[in-house]
>>> print(open('input-v1.csv').read())   # CSV, C-alpha atoms and all ligand atoms
chain,number,residue,atom,x,y,z
H,10,MET,CA,39.5,-4.3,207.3
H,11,LEU,CA,40.7,-0.8,208.2
H,12,GLN,CA,38.4,0.0,211.1
H,13,GLY,CA,39.8,2.9,213.2
H,14,ARG,CA,42.4,3.8,210.6
H,15,LYS,CA,42.9,7.2,209.1
H,16,ALA,CA,44.2,7.7,205.5
H,17,LEU,CA,45.6,10.6,203.6
H,18,ILE,CA,45.3,10.5,199.8
H,19,THR,CA,46.5,13.0,197.2
H,20,GLY,CA,44.5,13.5,194.0
H,21,GLY,CA,41.4,12.0,195.4
H,22,SER,CA,38.9,14.0,193.4
H,23,ARG,CA,38.6,11.8,190.4
H,24,GLY,CA,40.0,8.7,188.5
H,25,ILE,CA,42.1,6.2,190.5
H,26,GLY,CA,42.3,8.5,193.5
H,27,ARG,CA,38.5,8.7,193.7
H,28,GLU,CA,38.2,4.9,193.7
H,29,ILE,CA,40.8,4.7,196.4
H,30,VAL,CA,38.9,7.1,198.6
H,31,LEU,CA,35.7,5.0,198.1
H,32,LYS,CA,37.5,1.7,198.7
H,33,LEU,CA,39.1,2.9,201.9
H,34,LEU,CA,35.8,4.4,203.2
H,35,ARG,CA,33.9,1.2,202.4
H,36,ASN,CA,36.5,-0.7,204.4
H,37,GLY,CA,36.3,1.4,207.5
H,38,ALA,CA,39.0,4.1,207.2
H,39,SER,CA,38.4,7.8,207.6
H,40,VAL,CA,39.8,9.7,204.7
H,41,TYR,CA,41.6,13.1,204.2
H,42,TYR,CA,42.2,13.9,200.5
H,43,ILE,CA,44.2,16.7,199.0
H,44,ASP,CA,43.5,18.0,195.5
H,45,LEU,CA,43.3,21.2,193.4
H,46,ASN,CA,39.5,21.1,193.6
H,47,PRO,CA,37.0,18.9,195.5
H,48,GLY,CA,35.7,17.3,192.3
H,49,ASP,CA,32.2,16.0,191.8
H,50,SER,CA,32.3,13.2,194.4
H,51,LEU,CA,32.5,15.0,197.7
H,52,ASP,CA,28.7,14.5,198.4
H,53,GLU,CA,29.0,10.8,197.5
H,54,PHE,CA,32.0,10.5,199.8
H,55,LYS,CA,30.2,12.2,202.7
H,56,GLU,CA,27.1,10.1,202.3
H,57,LEU,CA,29.3,6.9,202.4
H,58,ALA,CA,31.3,8.2,205.4
H,59,GLU,CA,28.1,9.0,207.3
H,60,GLN,CA,26.7,5.5,206.6
H,61,HIS,CA,29.8,3.9,208.1
H,62,GLY,CA,30.3,6.5,211.0
H,63,LEU,CA,33.5,7.8,209.4
H,64,ALA,CA,34.9,11.2,208.4
H,65,VAL,CA,35.9,12.4,205.0
H,66,VAL,CA,37.7,15.7,204.7
H,67,TYR,CA,38.8,17.6,201.5
H,68,LYS,CA,41.8,20.0,201.7
H,69,GLU,CA,42.8,22.2,198.8
H,70,GLY,CA,46.5,22.1,197.9
H,71,ASN,CA,49.0,21.9,195.1
H,72,VAL,CA,51.1,18.9,195.9
H,73,ALA,CA,54.0,20.4,193.9
H,74,ASP,CA,54.3,23.5,196.1
H,75,GLU,CA,56.5,22.4,199.0
H,76,SER,CA,55.6,25.1,201.5
H,77,THR,CA,51.8,24.9,200.9
H,78,ILE,CA,51.7,21.1,200.9
H,79,THR,CA,53.8,20.8,204.0
H,80,THR,CA,51.4,23.2,205.9
H,81,VAL,CA,48.3,21.3,204.6
H,82,VAL,CA,49.8,17.9,205.6
H,83,GLU,CA,50.8,19.2,209.1
H,84,GLU,CA,47.3,20.6,209.5
H,85,ILE,CA,45.8,17.1,208.6
H,86,LEU,CA,48.1,15.3,211.0
H,87,ALA,CA,47.0,17.6,213.8
H,88,GLU,CA,43.3,17.4,212.9
H,89,ALA,CA,43.2,13.7,212.5
H,90,GLU,CA,45.4,13.0,215.5
H,91,GLY,CA,47.4,10.6,213.5
H,92,ILE,CA,47.6,9.2,210.0
H,93,ASP,CA,48.0,5.4,209.4
H,94,ILE,CA,47.9,5.3,205.6
H,95,LEU,CA,49.4,7.6,203.0
H,96,VAL,CA,48.7,7.2,199.3
H,97,ASN,CA,50.8,9.4,197.0
H,98,ASN,CA,48.5,9.3,193.9
H,99,ALA,CA,48.3,12.8,192.4
H,100,GLY,CA,49.9,12.8,188.9
H,101,ILE,CA,49.8,14.4,185.4
H,102,THR,CA,51.1,13.7,181.9
H,103,ARG,CA,52.6,16.2,179.5
H,104,ASP,CA,53.5,13.9,176.6
H,105,GLY,CA,55.7,14.6,173.7
H,106,LEU,CA,58.9,13.4,172.0
H,107,ILE,CA,62.0,14.7,173.8
H,108,PHE,CA,63.0,16.8,170.8
H,109,ARG,CA,59.9,18.8,171.2
H,110,MET,CA,59.5,18.7,175.0
H,111,SER,CA,59.7,22.0,176.8
H,112,SER,CA,61.6,22.3,180.1
H,113,LYS,CA,58.4,23.4,181.6
H,114,ASP,CA,56.7,20.1,180.6
H,115,TRP,CA,59.6,18.2,182.0
H,116,THR,CA,59.7,20.1,185.3
H,117,ASP,CA,55.9,20.2,185.9
H,118,VAL,CA,55.7,16.4,185.6
H,119,LEU,CA,58.7,15.8,187.8
H,120,ASN,CA,57.4,18.3,190.4
H,121,ILE,CA,53.8,17.0,190.5
H,122,ASN,CA,54.5,13.2,190.1
H,123,LEU,CA,57.7,12.8,192.1
H,124,ASN,CA,58.8,15.8,194.2
H,125,SER,CA,55.3,15.9,195.8
H,126,ALA,CA,55.9,12.4,197.1
H,127,PHE,CA,59.2,13.5,198.7
H,128,TYR,CA,57.6,16.6,200.3
H,129,ILE,CA,54.6,14.6,201.7
H,130,SER,CA,56.4,11.4,202.7
H,131,LYS,CA,59.1,13.4,204.5
H,132,VAL,CA,56.5,14.7,206.9
H,133,VAL,CA,54.2,11.7,207.1
H,134,ALA,CA,57.0,9.0,207.4
H,135,HIS,CA,58.5,10.9,210.3
H,136,HIS,CA,55.1,10.9,212.0
H,137,MET,CA,54.6,7.2,211.3
H,138,VAL,CA,58.1,6.3,212.5
H,139,LYS,CA,57.4,8.0,215.8
H,140,ARG,CA,54.2,6.0,216.1
H,141,ARG,CA,55.9,2.8,215.1
H,142,ALA,CA,53.1,2.1,212.5
H,143,GLY,CA,52.0,3.0,209.1
H,144,SER,CA,51.7,2.1,205.4
H,145,ILE,CA,52.7,4.3,202.5
H,146,VAL,CA,51.5,3.4,199.0
H,147,ASN,CA,52.9,5.2,196.0
H,148,ILE,CA,51.2,5.2,192.6
H,149,ALA,CA,53.9,4.6,190.1
H,150,SER,CA,53.3,3.2,186.5
H,151,ILE,CA,54.4,0.3,184.3
H,152,VAL,CA,55.9,3.1,182.1
H,153,GLY,CA,58.4,3.7,185.0
H,154,VAL,CA,59.6,0.1,184.5
H,155,ILE,CA,59.5,-0.4,180.8
H,156,GLY,CA,59.6,3.2,179.4
H,157,ASN,CA,57.3,4.6,176.7
H,158,ALA,CA,58.1,6.7,173.6
H,159,GLY,CA,56.7,10.2,174.1
H,160,GLN,CA,56.8,10.0,177.9
H,161,THR,CA,60.4,10.6,179.0
H,162,ASN,CA,59.2,13.0,181.7
H,163,TYR,CA,56.5,10.8,182.9
H,164,SER,CA,58.5,7.5,182.9
H,165,ALA,CA,61.4,9.3,184.7
H,166,SER,CA,59.0,10.5,187.4
H,167,LYS,CA,57.5,7.1,187.8
H,168,ALA,CA,60.9,5.3,187.9
H,169,GLY,CA,61.9,7.9,190.5
H,170,MET,CA,58.8,7.0,192.5
H,171,ILE,CA,59.9,3.3,192.5
H,172,GLY,CA,63.4,4.3,193.7
H,173,LEU,CA,61.9,6.5,196.4
H,174,THR,CA,59.7,3.6,197.5
H,175,LYS,CA,62.5,1.1,197.8
H,176,SER,CA,64.9,3.5,199.6
H,177,LEU,CA,62.3,4.8,202.0
H,178,ALA,CA,61.1,1.3,202.7
H,179,ARG,CA,64.7,0.4,203.8
H,180,GLU,CA,64.9,3.6,206.0
H,181,VAL,CA,61.7,2.9,208.0
H,182,ALA,CA,61.2,-0.9,207.9
H,183,ALA,CA,62.6,-1.5,211.4
H,184,ARG,CA,60.0,1.0,212.8
H,185,ASN,CA,57.1,-1.0,211.4
H,186,VAL,CA,56.4,1.4,208.6
H,187,ARG,CA,55.9,-0.2,205.2
H,188,VAL,CA,56.4,1.5,201.9
H,189,ASN,CA,55.2,-0.1,198.6
H,190,ALA,CA,54.2,1.0,195.1
H,191,VAL,CA,51.8,-0.1,192.5
H,192,ALA,CA,52.6,0.2,188.8
H,193,PRO,CA,49.3,0.3,186.9
H,194,GLY,CA,49.2,-0.2,183.1
H,195,PHE,CA,46.5,1.3,181.0
H,196,ILE,CA,43.6,2.3,183.3
H,197,ASP,CA,40.4,4.0,182.0
H,198,THR,CA,40.5,7.6,183.5
H,199,VAL,CA,40.5,11.2,182.2
H,200,MET,CA,44.3,10.7,181.9
H,201,THR,CA,44.0,8.0,179.3
H,202,GLN,CA,40.7,9.3,177.7
H,203,LYS,CA,42.9,11.9,175.9
H,204,LEU,CA,44.1,9.1,173.6
H,205,ASN,CA,42.3,8.6,170.3
H,206,GLN,CA,40.6,5.3,169.2
H,207,GLU,CA,43.5,4.2,167.1
H,208,GLN,CA,46.0,4.7,170.0
H,209,ARG,CA,43.7,2.9,172.4
H,210,GLU,CA,43.3,-0.1,170.1
H,211,ALA,CA,47.1,-0.2,169.6
H,212,LEU,CA,47.7,-0.2,173.4
H,213,THR,CA,45.0,-2.8,174.0
H,214,ARG,CA,46.8,-5.1,171.6
H,215,GLN,CA,49.8,-5.1,173.9
H,216,ILE,CA,47.8,-6.2,176.9
H,217,PRO,CA,47.7,-10.0,177.3
H,218,MET,CA,44.3,-9.8,179.1
H,219,GLY,CA,43.0,-7.9,176.0
H,220,ARG,CA,41.3,-5.0,177.9
H,221,ILE,CA,42.0,-1.7,179.6
H,222,GLY,CA,41.9,-1.8,183.4
H,223,GLU,CA,39.3,-0.1,185.7
H,224,PRO,CA,40.3,2.4,188.4
H,225,GLU,CA,38.7,0.1,191.0
H,226,GLU,CA,41.2,-2.7,190.0
H,227,VAL,CA,44.0,-0.4,191.2
H,228,ALA,CA,42.1,0.6,194.3
H,229,LYS,CA,41.7,-3.1,195.4
H,230,VAL,CA,45.5,-3.6,195.4
H,231,VAL,CA,46.0,-0.3,197.3
H,232,LEU,CA,43.5,-1.6,199.9
H,233,PHE,CA,45.6,-4.8,200.2
H,234,LEU,CA,48.9,-2.8,200.6
H,235,ALA,CA,47.3,-0.3,203.1
H,236,SER,CA,45.9,-3.1,205.2
H,237,ASP,CA,47.4,-5.8,207.5
H,238,LEU,CA,46.8,-8.4,204.8
H,239,SER,CA,50.2,-7.2,203.5
H,240,SER,CA,51.8,-7.0,206.9
H,241,TYR,CA,55.1,-8.6,205.8
H,242,LEU,CA,55.4,-6.8,202.5
H,243,THR,CA,57.6,-3.7,202.0
H,244,GLY,CA,59.7,-2.2,199.2
H,245,GLN,CA,57.6,-4.0,196.6
H,246,VAL,CA,56.2,-2.8,193.3
H,247,ILE,CA,53.0,-4.6,192.2
H,248,HIS,CA,52.2,-4.4,188.5
H,249,ILE,CA,48.5,-4.0,187.7
H,250,THR,CA,48.6,-4.3,184.0
H,251,GLY,CA,46.5,-7.2,182.7
H,252,GLY,CA,49.9,-8.8,182.0
H,253,MET,CA,51.4,-6.0,180.0
H,254,GLY,CA,55.2,-5.7,180.6
H,255,MET,CA,55.5,-9.0,182.5
H,301,LIG,N1,45.2,6.2,184.1
H,301,LIG,C1,46.3,5.4,183.9
H,301,LIG,O1,46.3,4.6,182.9
H,301,LIG,C2,47.4,5.4,184.9
H,301,LIG,C3,48.4,4.4,184.7
H,301,LIG,C4,49.5,4.3,185.6
H,301,LIG,C5,49.6,5.2,186.6
H,301,LIG,N2,48.6,6.2,186.7
H,301,LIG,C6,48.8,7.1,187.8
H,301,LIG,O2,47.7,7.1,188.7
H,301,LIG,C7,47.6,8.4,189.3
H,301,LIG,C8,46.1,8.9,189.1
H,301,LIG,O3,45.9,9.0,187.8
H,301,LIG,P1,44.5,9.1,187.1
H,301,LIG,O4,44.5,8.3,185.9
H,301,LIG,O5,43.4,8.8,188.1
H,301,LIG,O6,44.5,10.6,186.6
H,301,LIG,P2,43.4,11.8,186.7
H,301,LIG,O7,43.9,12.9,185.9
H,301,LIG,O8,42.0,11.2,186.5
H,301,LIG,O9,43.4,12.2,188.3
H,301,LIG,C9,44.6,12.8,188.8
H,301,LIG,C10,44.1,13.6,190.1
H,301,LIG,O10,45.3,14.3,190.6
H,301,LIG,C11,44.9,15.7,190.8
H,301,LIG,N3,46.1,16.5,190.7
H,301,LIG,C12,46.8,16.8,189.5
H,301,LIG,N4,47.8,17.7,189.8
H,301,LIG,C13,47.7,18.0,191.1
H,301,LIG,C14,48.4,18.9,191.9
H,301,LIG,N5,49.4,19.6,191.4
H,301,LIG,N6,48.1,19.0,193.2
H,301,LIG,C15,47.0,18.2,193.7
H,301,LIG,N7,46.3,17.4,193.0
H,301,LIG,C16,46.6,17.3,191.7
H,301,LIG,C17,43.9,16.0,189.8
H,301,LIG,O11,43.1,17.2,190.1
H,301,LIG,C18,43.1,14.7,189.8
H,301,LIG,O12,42.0,14.7,190.7
H,301,LIG,C19,48.6,9.2,188.7
H,301,LIG,O13,49.8,9.3,189.5
H,301,LIG,C20,49.0,8.5,187.4
H,301,LIG,O14,50.2,8.8,187.0
H,301,LIG,C21,47.6,6.3,185.9
>>> encode(input="input-v1.csv", output="structure tokens")
Amino acid sequence: MLQGRKALITGGSRGIGREIVLKLLRNGASVYYIDLNPGDSLDEFKELAEQHGLAVVYKEGNVADESTITTVVEEILAEAEGIDILVNNAGITRDGLIFRMSSKDWTDVLNINLNSAFYISKVVAHHMVKRRAGSIVNIASIVGVIGNAGQTNYSASKAGMIGLTKSLAREVAARNVRVNAVAPGFIDTVMTQKLNQEQREALTRQIPMGRIGEPEEVAKVVLFLASDLSSYLTGQVIHITGGMGM
């Protein structure tokens, strides 16, 4: 589906990002991923890439540090000789009621979840516009649409991601560059494994499908948005929530 394409993904070492790396490799794209560490999956990625005659390259970088990340992304653009797909996925939570939230917890979440997408999209969208082709997929969250007590910082970052997606989509649409977002609900990763059993059960009760989602269920939709299957789709936010927040 993605034969000959090259993808750049942030936060590809584990969780949803890891599944996106696997999904894109299995569908014919070479993958560059940026993270704070390579994670446990680099050997698995390399084996898969080799089987399919593709490349997978890990680059260390903090997505919240504008000058570092700009250098790393420019390096990747030069090395890959072109990027067709960008997935802004890296993200963190620092939960707490606003009365107790430190400015650092607010700023860290906004920097890593939202400002990073500005820094990286600025460079990559420019490159895609010049090539008259590209697909950008931003990983937002249902919490950016409906809010969540204890997550003012996180939901603000994800609502910001949705605004960035729609505005950038309008800026680059005429140059055949598409920009979309996904808004996952409750997905089983390290991020959500922090919740205790009682919190998980309470959350699950709010999901019409009655279960937590798997990272692969997000990766499948990212594949659709990255590929030509979604060739006439831009500025959209697809909810992947088992019906939560519909
Ligand atoms: N898990 C969920 O329920 C859920 C729901 C909605 C949205 N999301 C979003 O999906 C994305 C992935 O989340 P996940 O659940 O896989 O989380 P995760 O914590 O398992 O993975 C996040 C990845 O991002 C990387 N990362 C964090 N800070 C970074 C930085 N400063 N620079 C570079 N890399 C960094 C981490 O090292 C890690 O590999 C996030 O944007 C998250 O907000 C997750």
>>> closest_atom_pairs(input="input-v1.csv", of="chain H", to="ligand LIG 301 (chain H)", cutoff="6 Å", atoms="only C-alpha atoms and all ligand atoms", output="CSV")
residue,atom,partner,partner_atom,distance
H:Gly20,CA,H:LIG301,O10,3.6
H:Gly21,CA,H:LIG301,O12,5.5
H:Ser22,CA,H:LIG301,O12,4.2
H:Arg23,CA,H:LIG301,O12,4.5
H:Gly24,CA,H:LIG301,O5,3.4
H:Ile25,CA,H:LIG301,O5,3.8
H:Gly26,CA,H:LIG301,O5,5.5
H:Asp44,CA,H:LIG301,N7,3.8
H:Leu45,CA,H:LIG301,C15,4.8
H:Gly70,CA,H:LIG301,C15,5.8
H:Asn71,CA,H:LIG301,N6,3.6
H:Val72,CA,H:LIG301,N6,4.0
H:Ala73,CA,H:LIG301,N5,5.3
H:Asn98,CA,H:LIG301,O13,4.6
H:Ala99,CA,H:LIG301,O10,3.8
H:Gly100,CA,H:LIG301,O13,3.6
H:Ile101,CA,H:LIG301,C12,5.6
H:Ile121,CA,H:LIG301,N5,5.2
H:Ile148,CA,H:LIG301,O13,5.3
H:Ala149,CA,H:LIG301,C5,5.6
H:Ser150,CA,H:LIG301,C4,4.1
H:Pro193,CA,H:LIG301,C4,4.2
H:Gly194,CA,H:LIG301,C3,4.9
H:Phe195,CA,H:LIG301,O1,3.8
H:Ile196,CA,H:LIG301,O1,3.6
H:Asp197,CA,H:LIG301,N1,5.7
H:Thr198,CA,H:LIG301,O4,4.7
H:Val199,CA,H:LIG301,O8,4.6
H:Met200,CA,H:LIG301,O7,4.6
H:Thr201,CA,H:LIG301,N1,5.3
>>> write_last_selection(input="input-v1.csv", atoms="C-alpha atoms", output="short mmCIF file (atom, residue, chain, number, x, y, z; two decimals), in the coordinates of the input")
data_model
loop_
_atom_site.label_atom_id
_atom_site.label_comp_id
_atom_site.auth_asym_id
_atom_site.auth_seq_id
_atom_site.Cartn_x
_atom_site.Cartn_y
_atom_site.Cartn_z
CA GLY H 20 44.50 13.50 194.00
CA GLY H 21 41.40 12.00 195.40
CA SER H 22 38.90 14.00 193.40
CA ARG H 23 38.60 11.80 190.40
CA GLY H 24 40.00 8.70 188.50
CA ILE H 25 42.10 6.20 190.50
CA GLY H 26 42.30 8.50 193.50
CA ASP H 44 43.50 18.00 195.50
CA LEU H 45 43.30 21.20 193.40
CA GLY H 70 46.50 22.10 197.90
CA ASN H 71 49.00 21.90 195.10
CA VAL H 72 51.10 18.90 195.90
CA ALA H 73 54.00 20.40 193.90
CA ASN H 98 48.50 9.30 193.90
CA ALA H 99 48.30 12.80 192.40
CA GLY H 100 49.90 12.80 188.90
CA ILE H 101 49.80 14.40 185.40
CA ILE H 121 53.80 17.00 190.50
CA ILE H 148 51.20 5.20 192.60
CA ALA H 149 53.90 4.60 190.10
CA SER H 150 53.30 3.20 186.50
CA PRO H 193 49.30 0.30 186.90
CA GLY H 194 49.20 -0.20 183.10
CA PHE H 195 46.50 1.30 181.00
CA ILE H 196 43.60 2.30 183.30
CA ASP H 197 40.40 4.00 182.00
CA THR H 198 40.50 7.60 183.50
CA VAL H 199 40.50 11.20 182.20
CA MET H 200 44.30 10.70 181.90
CA THR H 201 44.00 8.00 179.30
#
>>> residues_around(input="input-v1.csv", residues="Glu75 in chain H", least_positions_apart="3", cutoff="12 Å", atoms="all atoms listed in the file", output="ChimeraX atom specification")
/H:70-72,78-82,120-121,123-132
>>> residues_around(input="input-v1.csv", residues="range 228-238 of chain H", least_positions_apart="5", cutoff="7 Å", atoms="all atoms listed in the file", output="PDB file with C-alpha atoms, in the frame of the given file")
ATOM      1  CA  MET H  10      39.500  -4.300 207.300  1.00  0.00           C
ATOM      2  CA  LEU H  11      40.700  -0.800 208.200  1.00  0.00           C
ATOM      3  CA  ILE H  25      42.100   6.200 190.500  1.00  0.00           C
ATOM      4  CA  GLU H  28      38.200   4.900 193.700  1.00  0.00           C
ATOM      5  CA  ILE H  29      40.800   4.700 196.400  1.00  0.00           C
ATOM      6  CA  LYS H  32      37.500   1.700 198.700  1.00  0.00           C
ATOM      7  CA  LEU H  33      39.100   2.900 201.900  1.00  0.00           C
ATOM      8  CA  ILE H  94      47.900   5.300 205.600  1.00  0.00           C
ATOM      9  CA  SER H 144      51.700   2.100 205.400  1.00  0.00           C
ATOM     10  CA  VAL H 146      51.500   3.400 199.000  1.00  0.00           C
TER      11      VAL H 146
END
>>> closest_residue(input="input-v1.csv", among="H:Ala134, H:Leu86, H:Leu212, H:Leu173", to="Ala190 in chain H", atoms="all atoms listed in the file")
H:Leu173
>>> closest_residue(input="input-v1.csv", among="H:Val186, H:Leu34, H:Leu95, H:Val246", to="Glu56 in chain H", atoms="all atoms listed in the file")
H:Leu34
>>> closest_residue(input="input-v1.csv", among="H:Arg209, H:Arg27, H:Arg103, H:His135", to="Gln160 in chain H", atoms="only C-alpha atoms")
H:Arg103
>>> closest_residue(input="input-v1.csv", among="H:Ile171, H:Ile92, H:Ala58, H:Ala38", to="Leu17 in chain H", atoms="all atoms listed in the file")
H:Ile92
>>> residues_around(input="input-v1.csv", residues="Thr243 in chain H", least_positions_apart="3", cutoff="8 Å", atoms="all atoms listed in the file", output="PDB file with C-alpha atoms, in the coordinates of the input")
ATOM      1  CA  ALA H 178      61.100   1.300 202.700  1.00  0.00           C
ATOM      2  CA  ALA H 182      61.200  -0.900 207.900  1.00  0.00           C
ATOM      3  CA  ARG H 187      55.900  -0.200 205.200  1.00  0.00           C
ATOM      4  CA  VAL H 188      56.400   1.500 201.900  1.00  0.00           C
ATOM      5  CA  ASN H 189      55.200  -0.100 198.600  1.00  0.00           C
TER       6      ASN H 189
END
